[in-house]
file final.json (JSON, C-alpha atoms)
[["chain", "number", "residue", "atom", "x", "y", "z"],
["X", 1, "MET", "CA", 4.09, -23.69, -13.39],
["X", 2, "ASN", "CA", 6.88, -24.60, -11.03],
["X", 3, "LYS", "CA", 6.70, -21.75, -8.54],
["X", 4, "LYS", "CA", 9.91, -22.55, -6.77],
["X", 5, "LEU", "CA", 11.92, -22.63, -9.96],
["X", 6, "PHE", "CA", 10.20, -19.53, -11.23],
["X", 7, "GLY", "CA", 11.00, -17.69, -8.01],
["X", 8, "ILE", "CA", 14.66, -18.64, -8.22],
["X", 9, "GLY", "CA", 14.87, -17.90, -11.93],
["X", 10, "LEU", "CA", 13.31, -14.47, -11.72],
["X", 11, "ALA", "CA", 15.27, -13.56, -8.61],
["X", 12, "SER", "CA", 18.53, -14.42, -10.35],
["X", 13, "LEU", "CA", 17.43, -12.49, -13.43],
["X", 14, "VAL", "CA", 17.00, -9.24, -11.60],
["X", 15, "GLY", "CA", 18.58, -9.99, -8.24],
["X", 16, "LEU", "CA", 15.45, -9.17, -6.29],
["X", 17, "GLY", "CA", 14.64, -11.44, -3.44],
["X", 18, "PHE", "CA", 11.32, -9.78, -2.73],
["X", 19, "LEU", "CA", 9.92, -11.21, -5.94],
["X", 20, "THR", "CA", 9.79, -14.59, -4.29],
["X", 21, "ALA", "CA", 7.47, -13.21, -1.61],
["X", 22, "ALA", "CA", 3.86, -12.05, -1.89],
["X", 23, "SER", "CA", 2.05, -12.43, -5.19],
["X", 24, "ALA", "CA", -1.31, -11.46, -6.56],
["X", 25, "SER", "CA", -1.57, -14.77, -8.38],
["X", 26, "ASP", "CA", -2.44, -17.71, -6.17],
["X", 27, "PRO", "CA", -0.93, -16.21, -3.02],
["X", 28, "LYS", "CA", -0.08, -18.09, 0.15],
["X", 29, "PRO", "CA", -2.45, -17.28, 3.05],
["X", 30, "GLU", "CA", 0.29, -15.52, 5.05],
["X", 31, "ASP", "CA", 1.26, -13.43, 2.01],
["X", 32, "ALA", "CA", -2.35, -12.47, 1.39],
["X", 33, "ALA", "CA", -2.72, -11.38, 5.02],
["X", 34, "LYS", "CA", 0.50, -9.36, 4.83],
["X", 35, "TYR", "CA", -0.73, -7.75, 1.64],
["X", 36, "ARG", "CA", -4.16, -6.80, 2.94],
["X", 37, "GLN", "CA", -2.69, -5.49, 6.20],
["X", 38, "SER", "CA", -0.35, -3.35, 4.10],
["X", 39, "VAL", "CA", -3.30, -2.02, 2.14],
["X", 40, "TYR", "CA", -5.04, -0.97, 5.36],
["X", 41, "THR", "CA", -1.84, 0.56, 6.75],
["X", 42, "ILE", "CA", -1.65, 2.78, 3.68],
["X", 43, "ILE", "CA", -5.33, 3.62, 3.93],
["X", 44, "GLY", "CA", -4.87, 4.69, 7.56],
["X", 45, "TRP", "CA", -1.72, 6.65, 6.76],
["X", 46, "ASN", "CA", -3.64, 8.69, 4.21],
["X", 47, "PHE", "CA", -7.04, 8.82, 5.89],
["X", 48, "LYS", "CA", -5.75, 10.17, 9.19],
["X", 49, "PRO", "CA", -4.36, 13.49, 7.89],
["X", 50, "ILE", "CA", -7.62, 14.13, 6.03],
["X", 51, "GLY", "CA", -9.39, 13.58, 9.35],
["X", 52, "ALA", "CA", -6.99, 15.98, 11.05],
["X", 53, "MET", "CA", -7.85, 18.66, 8.49],
["X", 54, "VAL", "CA", -11.55, 17.95, 8.76],
["X", 55, "LYS", "CA", -11.27, 18.41, 12.52],
["X", 56, "GLY", "CA", -9.21, 21.57, 12.10],
["X", 57, "GLU", "CA", -6.23, 20.06, 13.93],
["X", 58, "ILE", "CA", -3.89, 20.82, 11.06],
["X", 59, "PRO", "CA", -4.31, 23.48, 8.38],
["X", 60, "PHE", "CA", -6.61, 22.62, 5.51],
["X", 61, "ASP", "CA", -4.61, 21.89, 2.35],
["X", 62, "ALA", "CA", -6.75, 21.01, -0.65],
["X", 63, "ALA", "CA", -3.84, 19.56, -2.64],
["X", 64, "ALA", "CA", -2.84, 17.32, 0.27],
["X", 65, "VAL", "CA", -6.41, 16.15, 0.74],
["X", 66, "ALA", "CA", -6.64, 15.30, -2.96],
["X", 67, "ARG", "CA", -3.40, 13.33, -2.85],
["X", 68, "HIS", "CA", -4.34, 11.42, 0.30],
["X", 69, "ALA", "CA", -7.86, 10.75, -0.97],
["X", 70, "GLN", "CA", -6.45, 9.34, -4.20],
["X", 71, "TYR", "CA", -4.43, 6.80, -2.22],
["X", 72, "VAL", "CA", -7.43, 5.88, -0.07],
["X", 73, "GLU", "CA", -9.50, 5.34, -3.20],
["X", 74, "LEU", "CA", -6.86, 3.27, -4.98],
["X", 75, "MET", "CA", -6.23, 1.16, -1.91],
["X", 76, "SER", "CA", -9.98, 0.63, -1.47],
["X", 77, "LYS", "CA", -9.92, -1.00, -4.91],
["X", 78, "ALA", "CA", -6.90, -3.10, -4.00],
["X", 79, "ALA", "CA", -8.17, -4.56, -0.73],
["X", 80, "LEU", "CA", -10.51, -7.30, -1.88],
["X", 81, "GLU", "CA", -7.82, -9.33, -3.65],
["X", 82, "GLY", "CA", -6.13, -9.65, -0.26],
["X", 83, "PHE", "CA", -8.88, -11.95, 1.00],
["X", 84, "PRO", "CA", -8.57, -15.14, -1.07],
["X", 85, "LYS", "CA", -10.37, -18.23, 0.20],
["X", 86, "GLY", "CA", -8.37, -20.03, 2.83],
["X", 87, "SER", "CA", -6.59, -16.97, 4.20],
["X", 88, "GLY", "CA", -8.70, -16.66, 7.34],
["X", 89, "PRO", "CA", -7.75, -17.15, 11.00],
["X", 90, "ASP", "CA", -7.51, -20.94, 10.56],
["X", 91, "ALA", "CA", -4.59, -20.50, 8.18],
["X", 92, "VAL", "CA", -3.00, -17.23, 9.27],
["X", 93, "LYS", "CA", -1.38, -16.60, 12.66],
["X", 94, "HIS", "CA", -1.76, -12.85, 12.93],
["X", 95, "THR", "CA", -5.02, -11.70, 11.41],
["X", 96, "GLU", "CA", -8.02, -9.77, 12.62],
["X", 97, "ALA", "CA", -10.14, -11.05, 9.76],
["X", 98, "LYS", "CA", -13.20, -12.91, 11.01],
["X", 99, "PRO", "CA", -14.28, -16.20, 9.40],
["X", 100, "GLU", "CA", -17.55, -14.42, 8.53],
["X", 101, "ILE", "CA", -15.73, -12.77, 5.63],
["X", 102, "TRP", "CA", -15.70, -16.08, 3.80],
["X", 103, "THR", "CA", -18.91, -17.58, 5.18],
["X", 104, "ASN", "CA", -20.77, -14.40, 4.24],
["X", 105, "TRP", "CA", -18.72, -13.34, 1.23],
["X", 106, "ASP", "CA", -21.48, -11.50, -0.62],
["X", 107, "LYS", "CA", -22.13, -9.25, 2.34],
["X", 108, "PHE", "CA", -18.41, -8.63, 2.78],
["X", 109, "GLU", "CA", -18.04, -7.80, -0.91],
["X", 110, "THR", "CA", -20.94, -5.38, -0.65],
["X", 111, "ALA", "CA", -19.38, -3.70, 2.39],
["X", 112, "MET", "CA", -16.12, -3.33, 0.48],
["X", 113, "SER", "CA", -17.97, -1.95, -2.54],
["X", 114, "ASN", "CA", -19.62, 0.63, -0.30],
["X", 115, "PHE", "CA", -16.17, 1.69, 0.89],
["X", 116, "GLU", "CA", -14.89, 1.89, -2.70],
["X", 117, "GLU", "CA", -17.83, 4.05, -3.72],
["X", 118, "GLU", "CA", -17.54, 6.48, -0.84],
["X", 119, "ALA", "CA", -13.75, 6.67, -1.19],
["X", 120, "ALA", "CA", -14.17, 7.52, -4.88],
["X", 121, "LYS", "CA", -16.61, 10.27, -3.91],
["X", 122, "LEU", "CA", -14.07, 11.55, -1.38],
["X", 123, "THR", "CA", -11.54, 11.93, -4.19],
["X", 124, "GLU", "CA", -14.13, 13.84, -6.20],
["X", 125, "ALA", "CA", -14.95, 16.09, -3.24],
["X", 126, "ALA", "CA", -11.23, 16.63, -2.66],
["X", 127, "LYS", "CA", -10.77, 17.70, -6.27],
["X", 128, "GLY", "CA", -13.56, 20.21, -5.81],
["X", 129, "GLY", "CA", -11.70, 21.66, -2.83],
["X", 130, "ASP", "CA", -14.83, 22.58, -0.84],
["X", 131, "GLU", "CA", -14.15, 22.01, 2.85],
["X", 132, "GLY", "CA", -17.79, 21.39, 3.72],
["X", 133, "ALA", "CA", -18.21, 18.79, 1.01],
["X", 134, "ILE", "CA", -14.93, 17.12, 1.96],
["X", 135, "LYS", "CA", -15.92, 17.00, 5.62],
["X", 136, "ALA", "CA", -19.30, 15.45, 4.84],
["X", 137, "GLN", "CA", -17.78, 12.89, 2.49],
["X", 138, "PHE", "CA", -15.02, 12.05, 4.95],
["X", 139, "GLY", "CA", -17.71, 11.14, 7.46],
["X", 140, "LYS", "CA", -19.57, 8.98, 4.95],
["X", 141, "THR", "CA", -16.39, 7.17, 3.99],
["X", 142, "ALA", "CA", -15.46, 6.59, 7.63],
["X", 143, "GLU", "CA", -18.90, 5.08, 8.22],
["X", 144, "THR", "CA", -18.21, 2.43, 5.56],
["X", 145, "CYS", "CA", -14.94, 1.55, 7.34],
["X", 146, "LYS", "CA", -16.75, 1.31, 10.64],
["X", 147, "ALA", "CA", -19.58, -0.83, 9.28],
["X", 148, "CYS", "CA", -17.20, -3.36, 7.76],
["X", 149, "HIS", "CA", -14.88, -3.48, 10.79],
["X", 150, "LYS", "CA", -17.82, -4.03, 13.13],
["X", 151, "GLU", "CA", -18.99, -7.11, 11.30],
["X", 152, "PHE", "CA", -15.85, -8.58, 9.80],
["X", 153, "ARG", "CA", -12.88, -7.58, 11.97],
["X", 154, "LYS", "CA", -11.92, -8.74, 15.43],
["X", 155, "ASP", "CA", -11.33, -5.92, 17.89],
["K", 1, "MET", "CA", -1.87, 20.30, 18.51],
["K", 2, "ASN", "CA", -2.56, 17.80, 21.22],
["K", 3, "LYS", "CA", -2.10, 14.53, 19.41],
["K", 4, "LYS", "CA", -3.41, 12.35, 22.17],
["K", 5, "LEU", "CA", -6.61, 14.33, 22.52],
["K", 6, "PHE", "CA", -6.98, 14.50, 18.77],
["K", 7, "GLY", "CA", -6.58, 10.74, 18.49],
["K", 8, "ILE", "CA", -9.22, 10.11, 21.11],
["K", 9, "GLY", "CA", -11.55, 12.74, 19.73],
["K", 10, "LEU", "CA", -11.45, 11.56, 16.16],
["K", 11, "ALA", "CA", -11.68, 7.92, 17.17],
["K", 12, "SER", "CA", -14.81, 8.60, 19.18],
["K", 13, "LEU", "CA", -16.21, 10.64, 16.31],
["K", 14, "VAL", "CA", -16.08, 7.80, 13.85],
["K", 15, "GLY", "CA", -15.28, 4.83, 16.08],
["K", 16, "LEU", "CA", -12.14, 3.92, 14.19],
["K", 17, "GLY", "CA", -9.21, 2.90, 16.32],
["K", 18, "PHE", "CA", -6.83, 2.69, 13.37],
["K", 19, "LEU", "CA", -6.92, 6.46, 13.05],
["K", 20, "THR", "CA", -4.76, 6.70, 16.15],
["K", 21, "ALA", "CA", -2.05, 4.67, 14.40],
["K", 22, "ALA", "CA", 0.20, 5.63, 11.50],
["K", 23, "SER", "CA", 0.03, 9.14, 10.14],
["K", 24, "ALA", "CA", 1.61, 11.00, 7.24],
["K", 25, "SER", "CA", 2.07, 14.10, 9.41],
["K", 26, "ASP", "CA", 4.90, 13.88, 11.91],
["K", 27, "PRO", "CA", 4.82, 10.08, 12.16],
["K", 28, "LYS", "CA", 6.46, 8.00, 14.87],
["K", 29, "PRO", "CA", 9.53, 6.08, 13.63],
["K", 30, "GLU", "CA", 7.82, 2.70, 14.06],
["K", 31, "ASP", "CA", 4.76, 3.92, 12.17],
["K", 32, "ALA", "CA", 6.91, 5.26, 9.35],
["K", 33, "ALA", "CA", 8.72, 1.92, 9.07],
["K", 34, "LYS", "CA", 5.41, 0.04, 9.05],
["K", 35, "TYR", "CA", 4.13, 2.38, 6.36],
["K", 36, "ARG", "CA", 7.15, 2.08, 4.07],
["K", 37, "GLN", "CA", 7.24, -1.71, 4.51],
["K", 38, "SER", "CA", 3.58, -1.76, 3.50],
["K", 39, "VAL", "CA", 4.39, 0.30, 0.42],
["K", 40, "TYR", "CA", 7.05, -2.22, -0.62],
["K", 41, "THR", "CA", 4.76, -5.16, 0.10],
["K", 42, "ILE", "CA", 2.23, -3.70, -2.31],
["K", 43, "ILE", "CA", 4.93, -3.00, -4.88],
["K", 44, "GLY", "CA", 6.11, -6.62, -4.67],
["K", 45, "TRP", "CA", 2.55, -7.93, -4.83],
["K", 46, "ASN", "CA", 2.00, -6.09, -8.10],
["K", 47, "PHE", "CA", 5.46, -6.34, -9.60],
["K", 48, "LYS", "CA", 5.73, -10.09, -9.28],
["K", 49, "PRO", "CA", 2.81, -11.02, -11.58],
["K", 50, "ILE", "CA", 4.14, -8.65, -14.24],
["K", 51, "GLY", "CA", 7.44, -10.51, -13.94],
["K", 52, "ALA", "CA", 5.63, -13.82, -14.26],
["K", 53, "MET", "CA", 4.02, -12.62, -17.50],
["K", 54, "VAL", "CA", 7.31, -11.23, -18.79],
["K", 55, "LYS", "CA", 8.89, -14.62, -18.16],
["K", 56, "GLY", "CA", 5.97, -16.42, -19.78],
["K", 57, "GLU", "CA", 5.14, -18.27, -16.57],
["K", 58, "ILE", "CA", 1.54, -17.08, -16.63],
["K", 59, "PRO", "CA", -0.46, -15.94, -19.66],
["K", 60, "PHE", "CA", 0.12, -12.38, -20.79],
["K", 61, "ASP", "CA", -2.82, -10.16, -19.88],
["K", 62, "ALA", "CA", -2.44, -6.54, -20.97],
["K", 63, "ALA", "CA", -5.21, -5.27, -18.70],
["K", 64, "ALA", "CA", -3.71, -7.02, -15.68],
["K", 65, "VAL", "CA", -0.27, -5.62, -16.46],
["K", 66, "ALA", "CA", -1.72, -2.12, -16.73],
["K", 67, "ARG", "CA", -3.50, -2.47, -13.40],
["K", 68, "HIS", "CA", -0.46, -3.86, -11.59],
["K", 69, "ALA", "CA", 1.85, -1.29, -13.15],
["K", 70, "GLN", "CA", -0.42, 1.50, -12.01],
["K", 71, "TYR", "CA", -0.09, 0.32, -8.42],
["K", 72, "VAL", "CA", 3.69, 0.01, -8.72],
["K", 73, "GLU", "CA", 3.85, 3.55, -10.08],
["K", 74, "LEU", "CA", 1.60, 5.02, -7.41],
["K", 75, "MET", "CA", 3.45, 3.23, -4.64],
["K", 76, "SER", "CA", 6.78, 4.42, -6.06],
["K", 77, "LYS", "CA", 5.51, 7.94, -5.48],
["K", 78, "ALA", "CA", 4.37, 7.09, -1.96],
["K", 79, "ALA", "CA", 7.56, 5.48, -0.68],
["K", 80, "LEU", "CA", 9.75, 8.49, 0.10],
["K", 81, "GLU", "CA", 7.44, 9.92, 2.77],
["K", 82, "GLY", "CA", 8.01, 6.69, 4.68],
["K", 83, "PHE", "CA", 11.60, 7.65, 5.43],
["K", 84, "PRO", "CA", 11.40, 10.65, 7.74],
["K", 85, "LYS", "CA", 14.55, 11.61, 9.64],
["K", 86, "GLY", "CA", 15.00, 9.57, 12.78],
["K", 87, "SER", "CA", 13.24, 6.45, 11.46],
["K", 88, "GLY", "CA", 16.43, 4.46, 10.84],
["K", 89, "PRO", "CA", 17.76, 1.34, 12.56],
["K", 90, "ASP", "CA", 18.66, 3.32, 15.70],
["K", 91, "ALA", "CA", 14.99, 4.07, 16.32],
["K", 92, "VAL", "CA", 13.18, 1.14, 14.72],
["K", 93, "LYS", "CA", 13.45, -2.48, 15.80],
["K", 94, "HIS", "CA", 12.61, -4.26, 12.58],
["K", 95, "THR", "CA", 13.94, -2.39, 9.59],
["K", 96, "GLU", "CA", 16.23, -3.21, 6.70],
["K", 97, "ALA", "CA", 16.82, 0.46, 6.01],
["K", 98, "LYS", "CA", 20.52, 1.34, 6.23],
["K", 99, "PRO", "CA", 21.68, 4.52, 8.02],
["K", 100, "GLU", "CA", 23.16, 5.57, 4.64],
["K", 101, "ILE", "CA", 19.65, 6.58, 3.57],
["K", 102, "TRP", "CA", 19.82, 9.56, 5.90],
["K", 103, "THR", "CA", 23.58, 10.24, 5.76],
["K", 104, "ASN", "CA", 23.43, 10.22, 1.97],
["K", 105, "TRP", "CA", 19.89, 11.50, 1.48],
["K", 106, "ASP", "CA", 20.42, 13.18, -1.90],
["K", 107, "LYS", "CA", 21.68, 9.97, -3.41],
["K", 108, "PHE", "CA", 18.79, 8.02, -1.88],
["K", 109, "GLU", "CA", 16.30, 10.55, -3.20],
["K", 110, "THR", "CA", 17.83, 10.26, -6.66],
["K", 111, "ALA", "CA", 17.64, 6.47, -6.52],
["K", 112, "MET", "CA", 13.97, 6.73, -5.56],
["K", 113, "SER", "CA", 13.34, 9.24, -8.36],
["K", 114, "ASN", "CA", 14.88, 6.81, -10.82],
["K", 115, "PHE", "CA", 12.45, 4.16, -9.63],
["K", 116, "GLU", "CA", 9.52, 6.56, -9.94],
["K", 117, "GLU", "CA", 10.51, 7.47, -13.49],
["K", 118, "GLU", "CA", 10.95, 3.91, -14.68],
["K", 119, "ALA", "CA", 7.75, 2.80, -12.93],
["K", 120, "ALA", "CA", 5.85, 5.58, -14.70],
["K", 121, "LYS", "CA", 7.30, 4.40, -18.01],
["K", 122, "LEU", "CA", 6.19, 0.87, -17.16],
["K", 123, "THR", "CA", 2.61, 2.12, -16.79],
["K", 124, "GLU", "CA", 2.93, 3.82, -20.17],
["K", 125, "ALA", "CA", 4.32, 0.66, -21.78],
["K", 126, "ALA", "CA", 1.54, -1.36, -20.16],
["K", 127, "LYS", "CA", -1.09, 0.96, -21.61],
["K", 128, "GLY", "CA", 0.46, 0.45, -25.04],
["K", 129, "GLY", "CA", 0.06, -3.30, -24.59],
["K", 130, "ASP", "CA", 3.21, -4.26, -26.52],
["K", 131, "GLU", "CA", 4.80, -7.26, -24.85],
["K", 132, "GLY", "CA", 8.32, -6.45, -26.03],
["K", 133, "ALA", "CA", 8.13, -2.89, -24.72],
["K", 134, "ILE", "CA", 6.66, -4.07, -21.42],
["K", 135, "LYS", "CA", 9.36, -6.69, -21.01],
["K", 136, "ALA", "CA", 12.14, -4.17, -21.67],
["K", 137, "GLN", "CA", 10.63, -1.62, -19.31],
["K", 138, "PHE", "CA", 10.05, -4.23, -16.62],
["K", 139, "GLY", "CA", 13.79, -4.94, -16.72],
["K", 140, "LYS", "CA", 14.68, -1.26, -16.47],
["K", 141, "THR", "CA", 12.32, -0.77, -13.54],
["K", 142, "ALA", "CA", 13.72, -3.83, -11.77],
["K", 143, "GLU", "CA", 17.21, -2.44, -12.18],
["K", 144, "THR", "CA", 16.23, 0.70, -10.24],
["K", 145, "CYS", "CA", 14.91, -1.50, -7.41],
["K", 146, "LYS", "CA", 18.13, -3.48, -7.42],
["K", 147, "ALA", "CA", 20.37, -0.42, -7.43],
["K", 148, "CYS", "CA", 18.61, 1.14, -4.45],
["K", 149, "HIS", "CA", 18.45, -2.12, -2.46],
["K", 150, "LYS", "CA", 22.14, -2.77, -3.02],
["K", 151, "GLU", "CA", 23.16, 0.53, -1.50],
["K", 152, "PHE", "CA", 20.44, 1.32, 1.00],
["K", 153, "ARG", "CA", 18.91, -1.94, 2.20],
["K", 154, "LYS", "CA", 20.37, -4.62, 4.46],
["K", 155, "ASP", "CA", 20.20, -8.12, 3.03]]
call {"tool": "encode", "arguments": {"input": "final.json", "output": "C-alpha cells"}}
result
Amino acid sequence: MNKKLFGIGLASLVGLGFLTAASASDPKPEDAAKYRQSVYTIIGWNFKPIGAMVKGEIPFDAAAVARHAQYVELMSKAALEGFPKGSGPDAVKHTEAKPEIWTNWDKFETAMSNFEEEAAKLTEAAKGGDEGAIKAQFGKTAETCKACHKEFRKD
Amino acid sequence: MNKKLFGIGLASLVGLGFLTAASASDPKPEDAAKYRQSVYTIIGWNFKPIGAMVKGEIPFDAAAVARHAQYVELMSKAALEGFPKGSGPDAVKHTEAKPEIWTNWDKFETAMSNFEEEAAKLTEAAKGGDEGAIKAQFGKTAETCKACHKEFRKD
C-alpha cells in the first residue's frame, strides 16, 4: 500500500485533508500520541462533571452522569490502540508516557483493563441512577486512573 | 461554586491532576478548543481506516468498520458541546474555528446535525456488513464533513 498516494487519492475524493493525518492502521508515533492524548482529554472532560456531582458541587443529574459515563467507558476501550510499539518518549516530542509502558506491557495492559472494567461499571451504576452507587463507583474508577498514572505516566 | 477550591479538593481526593483541566460545565475557551480538537482527532483516527477499506487499500473487515463507525457516530454527538460561546479565534490561540460558527450558529448546528445523522447511518450500514452500502454511506458522511469545514473551518 502506497500511503502517500492513498492519502492524496482519498483526500481528493472527498476533499478532506484530515484524512491524511492520524490513522488507526499503522500510525506514526506522533499521530498515536496525539490520538491517545485526545482520548484522555475526552475522558477528563466527561469524568470531571461526574466528580463535581459526586462532590455536590453541581446538581446531581442522572441523565448527564449516564451520558458522561458512557463516553468515559467508550474512551477507556479506545485508549490502548494509542500506544503502539515505538510511540514512546524516544520517538515522540511531547508525551508523558513512560518507557515502562512498553517494557512492562502486560502490566500496562492489565492496568488499562482494570480501568475499562471499572468504567463499564460506572456506566451501569449511572443507568441505575442511585447516587450512592455512582459515588462509590466513581471512586473505584478514579483509583484505576491513579494507579496507572502513578506507574506509567510522567508527572 | 468555588472552582479553584473544588479543583484542589477533588484532586486531593483522588490524586488526579487532570480533573482540574477541561470540563464540560462552563469550560474555559482554551479547554473547549482542546476538547473539540480531540473529538475531531478521534473522528479522523476512526474515519480514515473505513476510507481505506472503502478504497480497497486495506482488506475489508466488517467488524472493524462497525467499531470505527461507532466511534465516529459517538464523537459526532460529542462535538457540539466543544463550541461554547466565546471560544472562537478571539479567545483561543490555536483554533481553525471561524467566527461564523457563532455568528451563524443555527446554520452551524444544522451542519453538525447533518453529520450526526449520516454518521449514525454509517453505523447502521456497518452493522449490516454490506460493502456497497457502507461505501455509499461513507461518501455521504464525508460530504457532511466537507460541507461544514468549507464554511466554518479555516484551511
call {"tool": "calpha_fit_and_write", "arguments": {"input": "final.json", "fixed": "chain K", "moving": "chain X", "output": "compact mmCIF listing (two decimals) with C-alpha atoms, keeping the file's coordinate frame"}}
result
# COMPACT_ATOMS: atom_id res chain seq x y z
CA MET X 1 -1.88 20.25 18.55
CA ASN X 2 -2.51 17.74 21.29
CA LYS X 3 -2.07 14.48 19.42
CA LYS X 4 -3.37 12.26 22.16
CA LEU X 5 -6.56 14.22 22.54
CA PHE X 6 -6.97 14.47 18.81
CA GLY X 7 -6.56 10.72 18.45
CA ILE X 8 -9.19 10.04 21.09
CA GLY X 9 -11.54 12.69 19.74
CA LEU X 10 -11.42 11.52 16.16
CA ALA X 11 -11.64 7.87 17.14
CA SER X 12 -14.79 8.55 19.15
CA LEU X 13 -16.21 10.60 16.29
CA VAL X 14 -16.06 7.79 13.81
CA GLY X 15 -15.28 4.81 16.02
CA LEU X 16 -12.11 3.93 14.15
CA GLY X 17 -9.20 2.88 16.25
CA PHE X 18 -6.83 2.71 13.31
CA LEU X 19 -6.91 6.48 13.03
CA THR X 20 -4.76 6.69 16.12
CA ALA X 21 -2.04 4.67 14.38
CA ALA X 22 0.22 5.64 11.48
CA SER X 23 0.04 9.15 10.10
CA ALA X 24 1.61 11.01 7.24
CA SER X 25 2.02 14.09 9.41
CA ASP X 26 4.87 13.89 11.88
CA PRO X 27 4.81 10.10 12.15
CA LYS X 28 6.46 8.04 14.86
CA PRO X 29 9.53 6.12 13.62
CA GLU X 30 7.82 2.73 14.06
CA ASP X 31 4.75 3.95 12.15
CA ALA X 32 6.91 5.29 9.34
CA ALA X 33 8.70 1.94 9.08
CA LYS X 34 5.39 0.07 9.05
CA TYR X 35 4.13 2.40 6.36
CA ARG X 36 7.14 2.10 4.09
CA GLN X 37 7.24 -1.69 4.52
CA SER X 38 3.57 -1.73 3.50
CA VAL X 39 4.39 0.31 0.42
CA TYR X 40 7.05 -2.21 -0.62
CA THR X 41 4.75 -5.15 0.11
CA ILE X 42 2.22 -3.69 -2.31
CA ILE X 43 4.93 -2.99 -4.87
CA GLY X 44 6.08 -6.62 -4.68
CA TRP X 45 2.53 -7.94 -4.83
CA ASN X 46 1.98 -6.09 -8.09
CA PHE X 47 5.46 -6.34 -9.59
CA LYS X 48 5.70 -10.11 -9.27
CA PRO X 49 2.78 -11.02 -11.57
CA ILE X 50 4.13 -8.64 -14.22
CA GLY X 51 7.43 -10.51 -13.94
CA ALA X 52 5.61 -13.82 -14.27
CA MET X 53 4.01 -12.62 -17.51
CA VAL X 54 7.28 -11.23 -18.79
CA LYS X 55 8.86 -14.63 -18.17
CA GLY X 56 5.93 -16.42 -19.79
CA GLU X 57 5.09 -18.29 -16.57
CA ILE X 58 1.50 -17.08 -16.63
CA PRO X 59 -0.49 -15.93 -19.65
CA PHE X 60 0.10 -12.38 -20.80
CA ASP X 61 -2.84 -10.15 -19.87
CA ALA X 62 -2.43 -6.54 -20.95
CA ALA X 63 -5.23 -5.26 -18.70
CA ALA X 64 -3.71 -7.00 -15.67
CA VAL X 65 -0.27 -5.62 -16.46
CA ALA X 66 -1.72 -2.11 -16.73
CA ARG X 67 -3.50 -2.44 -13.39
CA HIS X 68 -0.46 -3.85 -11.59
CA ALA X 69 1.85 -1.28 -13.17
CA GLN X 70 -0.43 1.52 -12.01
CA TYR X 71 -0.09 0.33 -8.41
CA VAL X 72 3.69 0.02 -8.73
CA GLU X 73 3.86 3.56 -10.08
CA LEU X 74 1.60 5.03 -7.41
CA MET X 75 3.45 3.23 -4.65
CA SER X 76 6.78 4.42 -6.06
CA LYS X 77 5.52 7.96 -5.48
CA ALA X 78 4.37 7.10 -1.97
CA ALA X 79 7.57 5.51 -0.68
CA LEU X 80 9.76 8.50 0.09
CA GLU X 81 7.45 9.93 2.75
CA GLY X 82 8.01 6.70 4.67
CA PHE X 83 11.61 7.65 5.42
CA PRO X 84 11.41 10.68 7.73
CA LYS X 85 14.55 11.65 9.62
CA GLY X 86 14.99 9.60 12.74
CA SER X 87 13.25 6.47 11.47
CA GLY X 88 16.42 4.49 10.83
CA PRO X 89 17.75 1.36 12.56
CA ASP X 90 18.66 3.34 15.70
CA ALA X 91 14.99 4.09 16.32
CA VAL X 92 13.18 1.17 14.71
CA LYS X 93 13.46 -2.47 15.81
CA HIS X 94 12.59 -4.24 12.59
CA THR X 95 13.93 -2.37 9.60
CA GLU X 96 16.23 -3.19 6.72
CA ALA X 97 16.84 0.48 6.02
CA LYS X 98 20.52 1.35 6.24
CA PRO X 99 21.67 4.53 8.01
CA GLU X 100 23.15 5.58 4.64
CA ILE X 101 19.64 6.59 3.58
CA TRP X 102 19.82 9.58 5.90
CA THR X 103 23.57 10.23 5.77
CA ASN X 104 23.42 10.23 1.97
CA TRP X 105 19.88 11.51 1.48
CA ASP X 106 20.42 13.17 -1.89
CA LYS X 107 21.69 9.95 -3.41
CA PHE X 108 18.80 8.01 -1.88
CA GLU X 109 16.30 10.55 -3.21
CA THR X 110 17.85 10.26 -6.65
CA ALA X 111 17.63 6.46 -6.52
CA MET X 112 13.97 6.73 -5.56
CA SER X 113 13.35 9.24 -8.35
CA ASN X 114 14.90 6.81 -10.82
CA PHE X 115 12.46 4.15 -9.63
CA GLU X 116 9.53 6.57 -9.94
CA GLU X 117 10.53 7.47 -13.48
CA GLU X 118 10.96 3.90 -14.67
CA ALA X 119 7.75 2.79 -12.93
CA ALA X 120 5.86 5.59 -14.69
CA LYS X 121 7.31 4.40 -18.00
CA LEU X 122 6.20 0.86 -17.16
CA THR X 123 2.63 2.12 -16.79
CA GLU X 124 2.94 3.82 -20.17
CA ALA X 125 4.33 0.66 -21.77
CA ALA X 126 1.54 -1.36 -20.14
CA LYS X 127 -1.07 0.97 -21.61
CA GLY X 128 0.47 0.44 -25.02
CA GLY X 129 0.06 -3.31 -24.56
CA ASP X 130 3.22 -4.27 -26.50
CA GLU X 131 4.81 -7.29 -24.83
CA GLY X 132 8.31 -6.46 -26.02
CA ALA X 133 8.14 -2.91 -24.72
CA ILE X 134 6.66 -4.09 -21.42
CA LYS X 135 9.38 -6.70 -21.00
CA ALA X 136 12.15 -4.19 -21.67
CA GLN X 137 10.64 -1.63 -19.31
CA PHE X 138 10.06 -4.24 -16.62
CA GLY X 139 13.78 -4.96 -16.70
CA LYS X 140 14.68 -1.28 -16.47
CA THR X 141 12.33 -0.78 -13.54
CA ALA X 142 13.71 -3.84 -11.75
CA GLU X 143 17.22 -2.45 -12.16
CA THR X 144 16.22 0.69 -10.23
CA CYS X 145 14.91 -1.52 -7.40
CA LYS X 146 18.12 -3.50 -7.39
CA ALA X 147 20.37 -0.43 -7.42
CA CYS X 148 18.61 1.13 -4.44
CA HIS X 149 18.42 -2.12 -2.44
CA LYS X 150 22.12 -2.77 -2.99
CA GLU X 151 23.16 0.52 -1.49
CA PHE X 152 20.44 1.32 1.02
CA ARG X 153 18.91 -1.95 2.24
CA LYS X 154 20.37 -4.61 4.48
CA ASP X 155 20.20 -8.10 3.03
call {"tool": "closest_residue", "arguments": {"input": "final.json", "among": "X:Ala64, X:Ala69, X:Val54, X:Leu80", "to": "X:Val39", "atoms": "only C-alpha atoms"}}
result
X:Leu80
call {"tool": "closest_residue", "arguments": {"input": "final.json", "among": "K:Tyr40, K:Phe83, K:Phe60, K:Trp45", "to": "chain X", "atoms": "all atoms listed in the file"}}
result
K:Trp45
call {"tool": "residues_around", "arguments": {"input": "final.json", "residues": "stretch 109-116 of chain K", "least_positions_apart": "5", "cutoff": "7 Å", "atoms": "only C-alpha atoms", "output": "PyMOL selection string"}}
result
chain K and resi 73+76-77+141+144-145+148
